[in-house]
Amino acid sequence: MKKIIALFVVMLAFGLNANAQKKAPSNQVVAAKTQESFKASAEKDLKALKEVVVLQGSQEKAFMDLFIYKHEVLSHDLSQERKDILAESVESKISSTLTPEQNKKLAATPGLLKVLSH
């Protein structure tokens with residue numbers, strides 16, 4: 001009986017030791033994958049905006065940064081109130097970055113501003 005218990009303890013010790021050797025995926029690898037997904041989503045938003053409005057050089061980079069930021073923040077677990085505040089902030093940044101003529105073109109497309117900000 002003592003040999004069976006000793007054998008069980010040894011097997012248990014080796015089993016735990018073997019499991020302790022497994023590595024979890026690196027945080028940097030996980031962060032890189034999420035950054036790629038944020039960038040892909042931001043590019044999709046930028047493409048939708050570019051279909052309606054012709055952007056100038058610096059505007060494209062500004063919108064890309066804005067959309068990446070939006071998707072990063074939305075990836076966190078937020079209350080509906082905070083999501084509404086973020087959407088309002090994104091809408092104001094979009095309208096302030098665009099020229100008056102570009103704002104008119106954006107306003108002519110109903111629902112696009114809501115899609116871009118949410």
# chains A, B, ... in the order shown; residues from 1 in each chain; ligands from 1
>>> residues_around(residues="Ala62 of chain A", least_positions_apart="4", cutoff="12 Å", atoms="only C-alpha atoms", output="number ranges by chain")
A: 42, 46, 55-58, 66-69, 90, 93-94, 96-98
>>> atom_distance(atom1="atom CA of Ser41 of chain A", atom2="atom CA of Leu116 of chain A")
10.6 Å
>>> select_by_dssp(residues="segment 45-80 of chain A", states="alpha helix (DSSP H)", output="PyMOL selection string")
chain A and resi 45-52+57-74+80
>>> closest_residue(among="A:His76, A:Ser95, A:Leu86, A:Phe38", to="Gln59 of chain A", atoms="only C-alpha atoms")
A:Ser95
>>> residues_around(residues="Glu43 of chain A", least_positions_apart="4", cutoff="7 Å", atoms="only C-alpha atoms", output="list in words")
Lys39, Lys47 and Met64 of chain A
>>> atom_distance(atom1="atom CA of Pro110 of chain A", atom2="atom CA of Phe63 of chain A")
19.3 Å
>>> closest_residue(among="A:Ala108, A:Val115, A:Leu49, A:Ala6", to="Ala87 of chain A", atoms="only C-alpha atoms")
A:Val115
>>> residues_around(residues="Glu51 of chain A", least_positions_apart="3", cutoff="12 Å", atoms="only C-alpha atoms", output="MDAnalysis selection string")
chainID A and resid 44:48 54:55 102 105:106 109 112
